[in-house]
$ cat target.cif   # mmCIF, C-alpha atoms
data_model
#
loop_
_atom_site.label_atom_id
_atom_site.label_comp_id
_atom_site.auth_asym_id
_atom_site.auth_seq_id
_atom_site.Cartn_x
_atom_site.Cartn_y
_atom_site.Cartn_z
CA MET N 1 0.00 0.00 0.00
CA ARG N 2 1.29 3.46 -0.85
CA GLU N 3 2.11 5.90 1.95
CA ILE N 4 0.10 9.09 2.29
CA MET N 5 1.65 11.30 -0.35
CA SER N 6 2.16 15.02 -0.21
CA ARG N 7 0.46 17.47 -2.55
CA PRO N 8 2.66 18.41 -5.53
CA ASP N 9 4.31 21.81 -4.92
CA ASN N 10 3.39 23.18 -8.33
CA LEU N 11 -0.32 22.38 -8.06
CA PRO N 12 -2.67 25.33 -7.42
CA ASP N 13 -4.24 25.22 -3.97
CA TYR N 14 -7.17 26.99 -2.27
CA ARG N 15 -8.06 27.54 1.37
CA ASN N 16 -11.84 27.56 0.72
CA PRO N 17 -12.58 25.92 -2.61
CA PRO N 18 -16.28 25.56 -3.48
CA LEU N 19 -15.87 21.78 -3.45
CA ASN N 20 -19.03 19.81 -2.74
CA GLU N 21 -18.19 16.25 -3.78
CA VAL N 22 -15.22 14.13 -4.84
CA VAL N 23 -15.53 10.68 -6.41
CA LEU N 24 -12.78 8.18 -7.10
CA GLY N 25 -13.85 5.15 -9.09
CA VAL N 26 -12.68 2.05 -10.88
CA GLN N 27 -14.58 -0.10 -13.39
CA PHE N 28 -13.45 -3.70 -13.79
CA ALA N 29 -14.35 -7.00 -15.42
CA PRO N 30 -16.94 -8.87 -13.30
CA ALA N 31 -15.18 -11.33 -10.98
CA GLN N 32 -15.41 -15.05 -11.53
CA GLY N 33 -17.64 -16.74 -8.98
CA TYR N 34 -19.32 -13.54 -7.83
CA GLN N 35 -23.12 -13.33 -7.83
CA GLN N 36 -25.40 -10.68 -6.40
CA ILE N 37 -26.46 -12.95 -3.55
CA ARG N 38 -22.94 -12.42 -2.15
CA ALA N 39 -23.30 -8.62 -1.92
CA ARG N 40 -23.68 -8.85 1.85
CA GLU N 41 -20.22 -10.47 2.03
CA VAL N 42 -18.82 -7.43 0.25
CA TRP N 43 -20.60 -5.09 2.67
CA GLU N 44 -19.01 -7.02 5.56
CA LEU N 45 -15.58 -5.97 4.22
CA TYR N 46 -16.43 -2.31 4.93
CA ARG N 47 -19.27 -2.47 7.43
CA ALA N 48 -17.28 -1.38 10.51
CA ASP N 49 -16.79 2.10 9.00
CA PHE N 50 -19.78 2.08 6.65
CA PRO N 51 -22.66 0.74 8.74
CA PHE N 52 -25.58 1.88 6.55
CA VAL N 53 -26.60 0.42 3.22
CA GLU N 54 -28.88 1.60 0.40
CA GLU N 55 -29.77 -0.01 -2.93
CA GLN N 56 -29.53 2.00 -6.15
CA PRO N 57 -29.99 1.25 -9.86
CA PRO N 58 -26.76 0.10 -11.53
CA LEU N 59 -24.44 2.35 -13.48
CA PRO N 60 -24.03 1.26 -17.12
CA PRO N 61 -20.51 0.41 -18.31
CA THR N 62 -18.70 3.53 -19.53
CA PHE N 63 -15.65 3.61 -21.77
CA GLU N 64 -13.61 6.45 -23.18
CA THR N 65 -12.44 5.65 -26.71
CA PHE N 66 -10.76 7.86 -29.29
CA GLY N 67 -10.84 8.23 -33.04
CA LEU N 68 -12.18 11.02 -35.15
CA PRO N 69 -12.34 14.47 -33.56
CA ALA N 70 -15.65 16.21 -32.86
CA GLN N 71 -17.70 13.05 -32.95
CA GLY N 72 -19.90 14.26 -30.13
CA ASN N 73 -21.28 12.06 -27.41
CA PRO N 74 -21.02 8.28 -27.65
CA PHE N 75 -24.05 6.27 -28.76
CA SER N 76 -26.82 6.51 -26.26
CA PHE N 77 -27.14 2.92 -25.32
CA GLY N 78 -29.54 1.25 -22.93
CA ILE N 79 -29.25 -2.49 -23.27
CA VAL N 80 -31.19 -4.41 -20.67
CA ALA N 81 -30.25 -8.04 -20.89
CA GLY N 82 -30.68 -10.72 -18.27
CA ALA N 83 -30.32 -10.18 -14.54
CA MET N 84 -28.92 -6.79 -13.60
CA HIS N 85 -26.74 -6.36 -10.53
CA ASP N 86 -27.89 -3.60 -8.18
CA ARG N 87 -25.56 -0.88 -7.02
CA PHE N 88 -25.10 -0.69 -3.27
CA TRP N 89 -24.22 2.37 -1.25
CA PHE N 90 -22.36 1.64 1.95
CA LEU N 91 -22.56 4.84 4.00
CA SER N 92 -20.36 6.05 6.84
CA LYS N 93 -21.90 6.97 10.20
CA SER N 94 -21.90 10.66 9.27
CA ARG N 95 -23.08 9.76 5.74
CA ASP N 96 -20.54 12.10 4.20
CA GLU N 97 -18.51 9.20 2.78
CA VAL N 98 -19.99 6.46 0.60
CA ILE N 99 -18.55 3.34 -0.97
CA GLN N 100 -20.52 2.43 -4.10
CA PHE N 101 -20.30 -1.20 -5.20
CA GLN N 102 -21.74 -3.18 -8.10
CA GLN N 103 -20.37 -6.22 -9.87
CA ASP N 104 -18.09 -4.17 -12.12
CA ARG N 105 -17.52 -0.96 -10.10
CA LEU N 106 -16.09 0.32 -6.87
CA LEU N 107 -16.33 4.03 -6.11
CA HIS N 108 -15.58 6.13 -3.06
CA ASN N 109 -17.45 9.42 -2.59
CA TRP N 110 -16.79 12.20 -0.16
CA ARG N 111 -19.47 14.88 0.00
CA LYS N 112 -20.33 17.97 1.98
CA GLY N 113 -22.78 17.15 4.76
CA GLY N 114 -26.16 18.79 5.27
CA ASP N 115 -24.79 21.76 7.23
CA GLY N 116 -21.78 22.07 4.95
CA ASN N 117 -19.39 22.18 7.90
CA ASN N 118 -17.59 18.88 7.44
CA SER N 119 -14.09 19.51 6.18
CA TYR N 120 -12.67 17.94 3.04
CA PRO N 121 -10.18 15.26 4.10
CA ARG N 122 -8.06 16.05 0.99
CA PHE N 123 -7.31 13.81 -1.96
CA GLU N 124 -4.12 12.40 -0.44
CA LYS N 125 -6.10 10.74 2.35
CA ILE N 126 -9.06 9.63 0.25
CA ILE N 127 -6.89 7.80 -2.27
CA VAL N 128 -5.07 5.85 0.44
CA ASN N 129 -8.43 4.73 1.83
CA PHE N 130 -9.65 3.87 -1.66
CA GLU N 131 -6.57 1.75 -2.30
CA ALA N 132 -7.24 -0.18 0.91
CA GLU N 133 -10.87 -0.70 -0.14
CA LEU N 134 -9.83 -1.99 -3.56
CA GLN N 135 -7.31 -4.36 -2.01
CA LEU N 136 -9.92 -5.73 0.37
CA LEU N 137 -12.23 -6.36 -2.58
CA GLU N 138 -9.47 -8.02 -4.59
CA LYS N 139 -8.63 -10.30 -1.68
CA TYR N 140 -12.33 -11.20 -1.39
CA PHE N 141 -12.63 -11.95 -5.14
CA ASN N 142 -9.43 -13.97 -4.93
CA GLY N 143 -11.14 -16.16 -2.34
CA LEU N 144 -13.90 -16.97 -4.86
CA ALA N 145 -11.47 -17.94 -7.62
CA VAL N 146 -7.79 -17.20 -8.15
CA GLN N 147 -7.94 -13.80 -9.83
CA ASN N 148 -6.98 -10.15 -9.62
CA ILE N 149 -9.23 -7.18 -10.25
CA LYS N 150 -8.86 -6.27 -13.92
CA CYS N 151 -9.48 -2.53 -14.12
CA ASN N 152 -10.69 -1.32 -17.53
CA GLN N 153 -11.50 2.31 -16.61
CA ALA N 154 -10.65 4.69 -13.81
CA GLU N 155 -12.33 7.99 -13.12
CA ILE N 156 -12.11 10.92 -10.78
CA SER N 157 -14.69 13.70 -10.41
CA TYR N 158 -14.69 16.99 -8.52
CA THR N 159 -18.05 18.74 -8.20
CA ASN N 160 -18.11 22.37 -7.08
CA HIS N 161 -21.12 24.37 -5.92
CA ILE N 162 -20.60 28.07 -6.57
CA PRO N 163 -23.28 30.26 -4.92
CA LEU N 164 -24.63 32.91 -7.27
CA ASP N 165 -26.70 35.02 -4.90
CA ARG N 166 -24.50 35.28 -1.84
CA GLU N 167 -24.37 38.78 -0.43
CA GLY N 168 -21.19 40.62 -1.33
CA ALA N 169 -20.16 38.07 -3.96
CA PRO N 170 -20.53 38.27 -7.75
CA SER N 171 -23.86 37.04 -9.06
CA LYS N 172 -23.15 36.33 -12.73
CA ALA N 173 -21.75 32.99 -13.90
CA ASP N 174 -19.06 34.70 -15.96
CA ASP N 175 -17.71 36.37 -12.82
CA TRP N 176 -16.68 32.86 -11.76
CA LEU N 177 -16.09 30.99 -15.02
CA ARG N 178 -13.97 32.60 -17.74
CA ILE N 179 -15.54 30.38 -20.39
CA LEU N 180 -19.03 31.79 -19.78
CA ASN N 181 -18.65 35.35 -20.99
CA PHE N 182 -21.83 36.38 -22.78
CA GLY N 183 -21.14 40.09 -22.65
CA ASP N 184 -24.20 42.10 -21.61
CA GLY N 185 -26.61 39.24 -22.29
CA ALA N 186 -26.03 37.15 -19.18
CA PRO N 187 -28.08 33.95 -19.42
CA ASP N 188 -30.80 33.08 -16.92
CA ASP N 189 -29.65 29.50 -16.76
CA ILE N 190 -26.78 27.45 -18.15
CA SER N 191 -26.35 23.83 -19.20
CA MET N 192 -23.17 22.80 -20.99
CA VAL N 193 -20.77 19.90 -21.42
CA ALA N 194 -17.29 20.20 -22.92
CA ARG N 195 -15.11 17.15 -23.57
CA ARG N 196 -11.43 17.06 -24.49
CA ALA N 197 -9.01 14.20 -25.09
CA LEU N 198 -5.96 14.20 -22.85
CA LEU N 199 -2.77 13.46 -24.74
CA GLY N 200 0.38 11.82 -23.42
CA SER N 201 3.91 12.91 -24.27
CA ASP N 202 3.74 10.65 -27.37
CA GLY N 203 0.66 12.50 -28.64
CA ALA N 204 -1.60 9.51 -28.05
CA PRO N 205 -4.79 9.97 -26.03
CA TYR N 206 -4.79 8.41 -22.55
CA GLY N 207 -8.06 9.76 -21.16
CA ARG N 208 -10.64 12.46 -21.42
CA ILE N 209 -11.63 15.44 -19.33
CA ILE N 210 -15.32 16.29 -19.19
CA CYS N 211 -16.36 19.71 -17.92
CA GLU N 212 -20.02 20.22 -17.04
CA ALA N 213 -21.55 23.50 -15.88
CA ASN N 214 -25.19 23.84 -14.90
CA THR N 215 -27.17 26.34 -12.92
CA SER N 216 -29.21 24.83 -10.11
CA LEU N 217 -30.55 25.45 -6.61
CA ASN N 218 -28.99 24.43 -3.31
CA PRO N 219 -31.15 22.76 -0.61
CA LYS N 220 -31.98 26.19 0.83
CA GLY N 221 -33.25 27.41 -2.55
CA GLY N 222 -30.25 29.61 -3.35
CA ARG N 223 -29.00 29.77 -6.94
CA ILE N 224 -25.74 27.93 -7.55
CA LEU N 225 -23.51 27.11 -10.47
CA VAL N 226 -22.62 23.42 -10.38
CA LEU N 227 -19.22 22.88 -11.98
CA ALA N 228 -18.22 19.23 -12.35
CA LEU N 229 -14.86 18.15 -13.73
CA THR N 230 -14.26 14.48 -14.51
CA VAL N 231 -11.20 12.68 -15.86
CA ARG N 232 -11.82 9.17 -17.14
CA GLY N 233 -9.83 6.63 -19.13
CA ALA N 234 -8.18 3.23 -19.19
CA PRO N 235 -5.21 2.74 -16.88
CA SER N 236 -2.00 1.78 -18.69
CA GLU N 237 -2.21 -1.66 -17.03
CA PRO N 238 -5.32 -3.35 -15.61
CA SER N 239 -3.88 -3.47 -12.07
CA ILE N 240 -5.10 -1.56 -9.01
CA SER N 241 -1.76 0.22 -8.79
CA SER N 242 -2.02 1.47 -12.36
CA ALA N 243 -5.61 2.63 -11.81
CA LEU N 244 -4.49 4.63 -8.76
CA ASP N 245 -1.68 6.19 -10.78
CA PHE N 246 -4.31 7.27 -13.32
CA LEU N 247 -6.40 8.84 -10.56
CA ILE N 248 -3.40 10.77 -9.20
CA LYS N 249 -2.68 12.12 -12.67
CA GLY N 250 -6.38 12.88 -13.14
CA ARG N 251 -6.50 14.90 -9.93
CA ASP N 252 -3.65 17.08 -11.16
CA VAL N 253 -5.41 17.61 -14.52
CA ILE N 254 -8.67 18.58 -12.78
CA VAL N 255 -7.02 21.07 -10.43
CA GLU N 256 -5.12 22.68 -13.32
CA GLU N 257 -8.29 22.82 -15.44
CA PHE N 258 -10.33 24.28 -12.59
CA THR N 259 -7.75 27.00 -12.14
CA SER N 260 -7.58 27.65 -15.88
CA ILE N 261 -11.32 28.09 -16.48
CA THR N 262 -12.19 30.05 -13.33
CA THR N 263 -11.51 33.78 -12.91
CA ASP N 264 -8.78 35.49 -10.93
CA SER N 265 -11.38 37.27 -8.79
CA ALA N 266 -12.96 33.91 -7.92
CA HIS N 267 -9.52 32.60 -6.96
CA GLY N 268 -9.23 35.51 -4.56
CA LEU N 269 -12.57 34.70 -2.92
CA TRP N 270 -11.61 31.03 -2.59
CA GLY N 271 -8.30 31.91 -0.98
CA ARG N 272 -5.85 30.73 -3.60
CA VAL N 273 -2.51 30.13 -1.90
CA ARG N 274 -0.50 28.78 -4.86
CA MET G 1 -25.39 40.99 -30.23
CA ASN G 2 -28.34 38.74 -31.13
CA ARG G 3 -28.99 35.31 -29.64
CA THR G 4 -27.29 33.33 -32.41
CA GLN G 5 -24.24 35.55 -32.33
CA SER G 6 -24.08 35.10 -28.55
CA ILE G 7 -24.15 31.33 -28.91
CA ASN G 8 -21.48 31.37 -31.61
CA ALA G 9 -19.33 33.68 -29.50
CA PHE G 10 -19.79 31.36 -26.55
CA GLU G 11 -18.71 28.32 -28.57
CA ARG G 12 -15.69 30.14 -30.04
CA ARG G 13 -14.64 31.37 -26.60
CA LEU G 14 -15.00 27.90 -25.13
CA GLN G 15 -12.88 26.41 -27.89
CA VAL G 16 -10.19 29.05 -27.56
CA ASP G 17 -10.04 28.76 -23.79
CA THR G 18 -10.26 25.01 -23.38
CA GLY G 19 -9.53 23.50 -26.78
CA ALA G 20 -12.75 21.53 -26.29
CA ASN G 21 -15.57 20.87 -28.69
CA VAL G 22 -18.99 21.87 -27.46
CA SER G 23 -20.74 18.54 -27.64
CA SER G 24 -24.01 19.34 -25.93
CA HIS G 25 -25.97 22.51 -25.47
CA VAL G 26 -29.42 21.24 -24.79
CA ALA G 27 -30.93 24.57 -23.87
CA PHE G 28 -30.09 25.96 -27.30
CA SER G 29 -30.99 22.96 -29.43
CA SER G 30 -34.45 21.99 -28.23
CA ARG G 31 -36.13 23.13 -31.48
CA VAL G 32 -33.35 22.01 -33.82
CA LEU G 33 -34.08 19.00 -35.99
CA CYS G 34 -31.02 16.76 -36.17
CA GLU G 35 -30.49 13.77 -38.40
CA PRO G 36 -28.90 10.79 -36.63
CA ARG G 37 -25.11 10.83 -36.95
CA HIS G 38 -25.16 7.46 -38.71
CA ALA G 39 -28.24 6.19 -40.48
CA TRP G 40 -27.53 2.71 -39.13
CA ARG G 41 -27.06 3.77 -35.52
CA GLN G 42 -30.37 2.39 -34.23
CA ARG G 43 -29.93 -0.91 -36.08
CA VAL G 44 -26.49 -1.36 -34.51
CA ILE G 45 -27.86 -0.73 -31.04
CA GLU G 46 -30.66 -3.23 -31.66
CA ARG G 47 -28.16 -5.80 -32.93
CA LEU G 48 -25.95 -5.38 -29.86
CA ASP G 49 -29.03 -5.65 -27.67
CA GLU G 50 -29.97 -8.88 -29.46
CA LEU G 51 -26.49 -10.36 -28.99
CA CYS G 52 -26.53 -9.58 -25.25
CA LYS G 53 -29.79 -11.52 -24.98
CA LEU G 54 -28.55 -14.71 -26.68
CA GLN G 55 -29.25 -17.88 -24.72
CA VAL G 56 -26.28 -19.74 -23.26
CA GLY G 57 -25.40 -22.46 -25.79
CA TRP G 58 -26.69 -20.41 -28.75
CA ASP G 59 -23.88 -21.92 -30.87
CA GLY G 60 -24.90 -25.51 -30.10
CA TYR G 61 -22.16 -25.77 -27.45
CA GLN G 62 -21.76 -23.65 -24.30
CA ALA G 63 -21.22 -20.16 -25.70
CA PRO G 64 -22.49 -17.36 -23.45
CA PRO G 65 -24.19 -14.23 -24.81
CA VAL G 66 -22.04 -11.24 -25.75
CA SER G 67 -21.05 -9.54 -22.53
CA PHE G 68 -22.70 -6.31 -21.53
CA ALA G 69 -19.28 -4.64 -21.16
CA ASN G 70 -18.14 -5.76 -24.62
CA ALA G 71 -21.35 -4.45 -26.21
CA HIS G 72 -20.92 -1.06 -24.54
CA PHE G 73 -17.28 -0.93 -25.53
CA ALA G 74 -18.25 -1.76 -29.14
CA ALA G 75 -20.78 1.08 -29.20
CA SER G 76 -18.23 3.54 -27.84
CA MET G 77 -15.61 2.38 -30.34
CA LEU G 78 -18.01 2.73 -33.30
CA ALA G 79 -19.02 6.22 -32.18
CA SER G 80 -15.35 7.22 -32.00
CA ALA G 81 -14.09 5.62 -35.20
CA CYS G 82 -16.87 5.79 -37.80
CA PRO G 83 -16.95 8.76 -40.17
CA LEU G 84 -20.44 9.96 -41.06
CA ASP G 85 -20.49 8.12 -44.38
CA ALA G 86 -19.14 4.82 -43.06
CA PRO G 87 -21.22 1.87 -44.21
CA GLU G 88 -23.13 -0.20 -41.69
CA PRO G 89 -20.96 -2.85 -40.02
CA GLN G 90 -21.84 -6.49 -39.56
CA ILE G 91 -21.68 -7.60 -35.94
CA VAL G 92 -20.98 -11.24 -35.18
CA PRO G 93 -20.97 -12.88 -31.73
CA GLY G 94 -18.00 -14.94 -30.55
CA ALA G 95 -17.98 -18.09 -28.45
CA SER G 96 -16.59 -16.42 -25.29
CA GLY G 97 -18.81 -13.37 -24.84
CA ASP G 98 -16.61 -11.55 -27.37
CA LEU G 99 -17.74 -10.11 -30.69
CA GLN G 100 -16.46 -9.16 -34.10
CA ILE G 101 -17.31 -6.02 -36.08
CA GLU G 102 -16.79 -6.32 -39.81
CA TRP G 103 -16.98 -4.34 -43.03
CA HIS G 104 -16.72 -6.21 -46.31
CA THR G 105 -16.90 -4.10 -49.47
CA GLU G 106 -15.79 -4.57 -53.07
CA THR G 107 -12.52 -2.79 -52.23
CA THR G 108 -11.72 -3.51 -48.58
CA ASP G 109 -12.23 -5.96 -45.72
CA ILE G 110 -11.93 -4.71 -42.13
CA GLU G 111 -12.44 -6.87 -39.04
CA LEU G 112 -12.27 -5.75 -35.42
CA HIS G 113 -12.29 -8.52 -32.85
CA ILE G 114 -13.28 -7.21 -29.41
CA ARG G 115 -11.95 -9.81 -26.97
CA ALA G 116 -12.64 -7.56 -23.98
CA PRO G 117 -12.79 -3.82 -23.32
CA ASN G 118 -9.43 -2.27 -24.35
CA ASP G 119 -8.40 -5.56 -26.02
CA VAL G 120 -9.09 -5.40 -29.77
CA ASP G 121 -7.43 -7.14 -32.70
CA ALA G 122 -7.79 -5.07 -35.87
CA TRP G 123 -7.23 -6.45 -39.37
CA ARG G 124 -7.54 -4.95 -42.83
CA VAL G 125 -6.89 -6.07 -46.36
CA VAL G 126 -7.31 -3.89 -49.45
CA MET G 127 -8.22 -5.74 -52.64
CA SER G 128 -5.81 -3.70 -54.77
CA ALA G 129 -2.89 -4.95 -52.62
CA PRO G 130 -4.06 -8.27 -51.12
CA GLU G 131 -0.49 -9.33 -50.30
CA ARG G 132 -0.28 -6.53 -47.72
CA GLU G 133 -2.42 -7.10 -44.64
CA ASP G 134 -2.63 -4.62 -41.78
CA GLN G 135 -2.86 -6.27 -38.38
CA LEU G 136 -2.79 -4.37 -35.09
CA HIS G 137 -3.64 -4.77 -31.43
CA LEU G 138 -5.59 -1.74 -30.17
CA THR G 139 -6.82 -0.62 -26.76
CA MET G 140 -8.73 2.67 -26.65
CA ASP G 141 -7.20 4.65 -29.51
CA PHE G 142 -9.01 3.91 -32.79
CA ARG G 143 -7.63 6.69 -34.94
CA VAL G 144 -6.10 4.14 -37.30
CA VAL G 145 -9.47 2.41 -37.72
CA ALA G 146 -11.04 5.81 -38.42
CA ASP G 147 -8.44 6.29 -41.19
CA TRP G 148 -9.20 2.84 -42.60
CA LEU G 149 -12.92 3.63 -42.65
CA VAL G 150 -12.38 6.98 -44.37
CA GLU G 151 -10.32 5.18 -47.04
CA LEU G 152 -12.93 2.43 -47.32
CA SER G 153 -15.74 4.98 -47.78
CA GLU G 154 -13.76 6.94 -50.40
CA ALA G 155 -12.78 3.77 -52.26
CA SER G 156 -16.38 2.55 -52.31
CA VAL G 157 -17.57 5.86 -53.76
CA ALA G 158 -14.80 5.75 -56.40
CA ALA G 159 -15.61 2.14 -57.31
CA ARG G 160 -19.31 2.94 -57.72
CA SER G 161 -18.49 6.00 -59.85
CA SER G 162 -16.26 4.05 -62.21
CA ALA G 163 -18.84 1.28 -62.51
CA ALA G 164 -21.59 3.76 -63.39
#

$ encode --input "target.cif" --output "structure tokens"
Amino acid sequence: MREIMSRPDNLPDYRNPPLNEVVLGVQFAPAQGYQQIRAREVWELYRADFPFVEEQPPLPPTFETFGLPAQGNPFSFGIVAGAMHDRFWFLSKSRDEVIQFQQDRLLHNWRKGGDGNNSYPRFEKIIVNFEAELQLLEKYFNGLAVQNIKCNQAEISYTNHIPLDREGAPSKADDWLRILNFGDGAPDDISMVARRALLGSDGAPYGRIICEANTSLNPKGGRILVLALTVRGAPSEPSISSALDFLIKGRDVIVEEFTSITTDSAHGLWGRVR
Amino acid sequence: MNRTQSINAFERRLQVDTGANVSSHVAFSSRVLCEPRHAWRQRVIERLDELCKLQVGWDGYQAPPVSFANAHFAASMLASACPLDAPEPQIVPGASGDLQIEWHTETTDIELHIRAPNDVDAWRVVMSAPEREDQLHLTMDFRVVADWLVELSEASVAARSSAA
């Protein structure tokens, strides 16, 4: 298991980022010998720290592939074939951390609690916990049949909630996001997705960054701009270690992108320290 | 600045700032009539759906249906690699939950064997140079397949023109 790493010195950092949720996830080939009836055994791996459970509809498989530019979104695809495995949420006592499990996915979410006062444990701690959770799952699968988890995608998402009607703060989306400058015709609401291939030093794509911005309301009815940044792709090897390396690289890409597309004045309000 | 100019300015600004293509702007496009990207798109989805629902032993032995993950990967790959005028592919199930995607025209044969997500054997032969076969192992980057399909589409158009 990797030691808790330190944040890279060159990465932008903020004292009060508008971060609302972070998700680390891995998609893998379904394990041999695993059936849904065993889901309780998987919960037992994490139950001490995640004592609550909820059932959710499954997430469809998602793959980032590359070819022609500007092909738009992948085929919308909703195959329903045979028995579907549910997705389970294993929730921590405070419900601000969630492990999501289904037969081909393991994800770890951290989210702001109801009062918004729980502090972000930082990526460096979350990824160490996620590695331990993946290793527990691999050990469990290995007890069903000799096998390792074969990761085929890894993804990391940062979702930010930017309040638009807080007293003393800017109220237009383009005061926060440089890419949303409509001049005098500020929109009433916004819904956009931008996708870009991430290229390695050899010029070949290794993943994709997806930037989503939508106006919405917070639980108290205040207007917010929801800015979600996701990096997804196939790890260079199907191992857990390689998937974690992808997530570490993805975090750096997201923080750089966040800094690039948000305004200097917003950085000031969020307490940029680097 | 009118509404259309605002939208165009927004898209240009987004591209300049992020290098990204604006792939979805639902609020702006609700009254726009769009043709499907590929005329065969729905048929391909139905075919993949059908292959995922095959009964175990469909081949007379013990073959399972095409796996859900392989079908999704195939759909993603086709969306990435197929130019707008690419002909409809044939999709053939394998005996291990795998599948093969094929194009056979008067000028070119292309076969993509999806063993698993990120594990694809690609093969091409062009009739004008049958001694030279292209054979590659691909993972998630299908730019070379996109090039093959562009060449296949152009060659098919040329062959039809000369026949006419």

$ atom_distance --input "target.cif" --atom1 "CA of Phe66 in chain N" --atom2 "CA of Gln147 in chain N"
29.3 Å

$ closest_residue --input "target.cif" --among "G:Met127, G:Met77, G:Val150, G:Val120" --to "chain N" --atoms "all atoms listed in the file"
G:Met77

$ residues_around --input "target.cif" --residues "range 85-101 of chain G" --least-positions-apart "2" --cutoff "10 Å" --atoms "all atoms listed in the file" --output "PyMOL selection string"
chain G and resi 37-41+43-44+47-48+51-52+54+56-59+61-71+74+78+81-83+103-105+110-117+120-122+146+149-154+156

$ resolve_selection --input "target.cif" --expression "the PyMOL selection byres ((chain N and resi 150) around 8)" --output "PDB file with C-alpha atoms, keeping the file's coordinate frame"
ATOM      1  CA  PHE N  28     -13.450  -3.700 -13.790  1.00  0.00           C
ATOM      2  CA  ALA N  29     -14.350  -7.000 -15.420  1.00  0.00           C
ATOM      3  CA  ASN N 148      -6.980 -10.150  -9.620  1.00  0.00           C
ATOM      4  CA  ILE N 149      -9.230  -7.180 -10.250  1.00  0.00           C
ATOM      5  CA  CYS N 151      -9.480  -2.530 -14.120  1.00  0.00           C
ATOM      6  CA  ASN N 152     -10.690  -1.320 -17.530  1.00  0.00           C
ATOM      7  CA  PRO N 238      -5.320  -3.350 -15.610  1.00  0.00           C
ATOM      8  CA  SER N 239      -3.880  -3.470 -12.070  1.00  0.00           C
ATOM      9  CA  ILE N 240      -5.100  -1.560  -9.010  1.00  0.00           C
TER      10      ILE N 240
END

$ residues_around --input "target.cif" --residues "Pro130 in chain G" --least-positions-apart "5" --cutoff "12 Å" --atoms "only C-alpha atoms" --output "ChimeraX atom specification"
/G:107-109,124-125

$ closest_residue --input "target.cif" --among "N:Ala228, N:Ala266, N:Val128, N:Leu217" --to "Ser241 in chain N" --atoms "only C-alpha atoms"
N:Val128

$ atom_distance --input "target.cif" --atom1 "CA of His72 in chain G" --atom2 "CA of Lys53 in chain G"
13.7 Å

$ atom_distance --input "target.cif" --atom1 "CA of Phe142 in chain G" --atom2 "CA of Ala204 in chain N"
10.4 Å

$ resolve_selection --input "target.cif" --expression "the PyMOL selection byres ((chain N and resi 35-46) around 8)" --output "mmCIF file with C-alpha atoms, in the frame of the given file"
data_model
loop_
_atom_site.group_PDB
_atom_site.id
_atom_site.type_symbol
_atom_site.label_atom_id
_atom_site.label_comp_id
_atom_site.auth_asym_id
_atom_site.auth_seq_id
_atom_site.Cartn_x
_atom_site.Cartn_y
_atom_site.Cartn_z
ATOM 1 C CA GLY N 33 -17.640 -16.740 -8.980
ATOM 2 C CA TYR N 34 -19.320 -13.540 -7.830
ATOM 3 C CA ARG N 47 -19.270 -2.470 7.430
ATOM 4 C CA ALA N 48 -17.280 -1.380 10.510
ATOM 5 C CA ASP N 49 -16.790 2.100 9.000
ATOM 6 C CA PHE N 50 -19.780 2.080 6.650
ATOM 7 C CA PRO N 51 -22.660 0.740 8.740
ATOM 8 C CA HIS N 85 -26.740 -6.360 -10.530
ATOM 9 C CA ASP N 86 -27.890 -3.600 -8.180
ATOM 10 C CA PHE N 90 -22.360 1.640 1.950
ATOM 11 C CA GLN N 103 -20.370 -6.220 -9.870
ATOM 12 C CA GLU N 133 -10.870 -0.700 -0.140
ATOM 13 C CA LEU N 136 -9.920 -5.730 0.370
ATOM 14 C CA LEU N 137 -12.230 -6.360 -2.580
ATOM 15 C CA TYR N 140 -12.330 -11.200 -1.390
#

$ residues_around --input "target.cif" --residues "His108 in chain N" --least-positions-apart "2" --cutoff "6 Å" --atoms "all atoms listed in the file" --output "ChimeraX atom specification"
/N:23-24,98-99

$ closest_residue --input "target.cif" --among "N:Gln102, N:Thr263, N:Asn218, N:Asn181" --to "chain G" --atoms "all atoms listed in the file"
N:Asn181
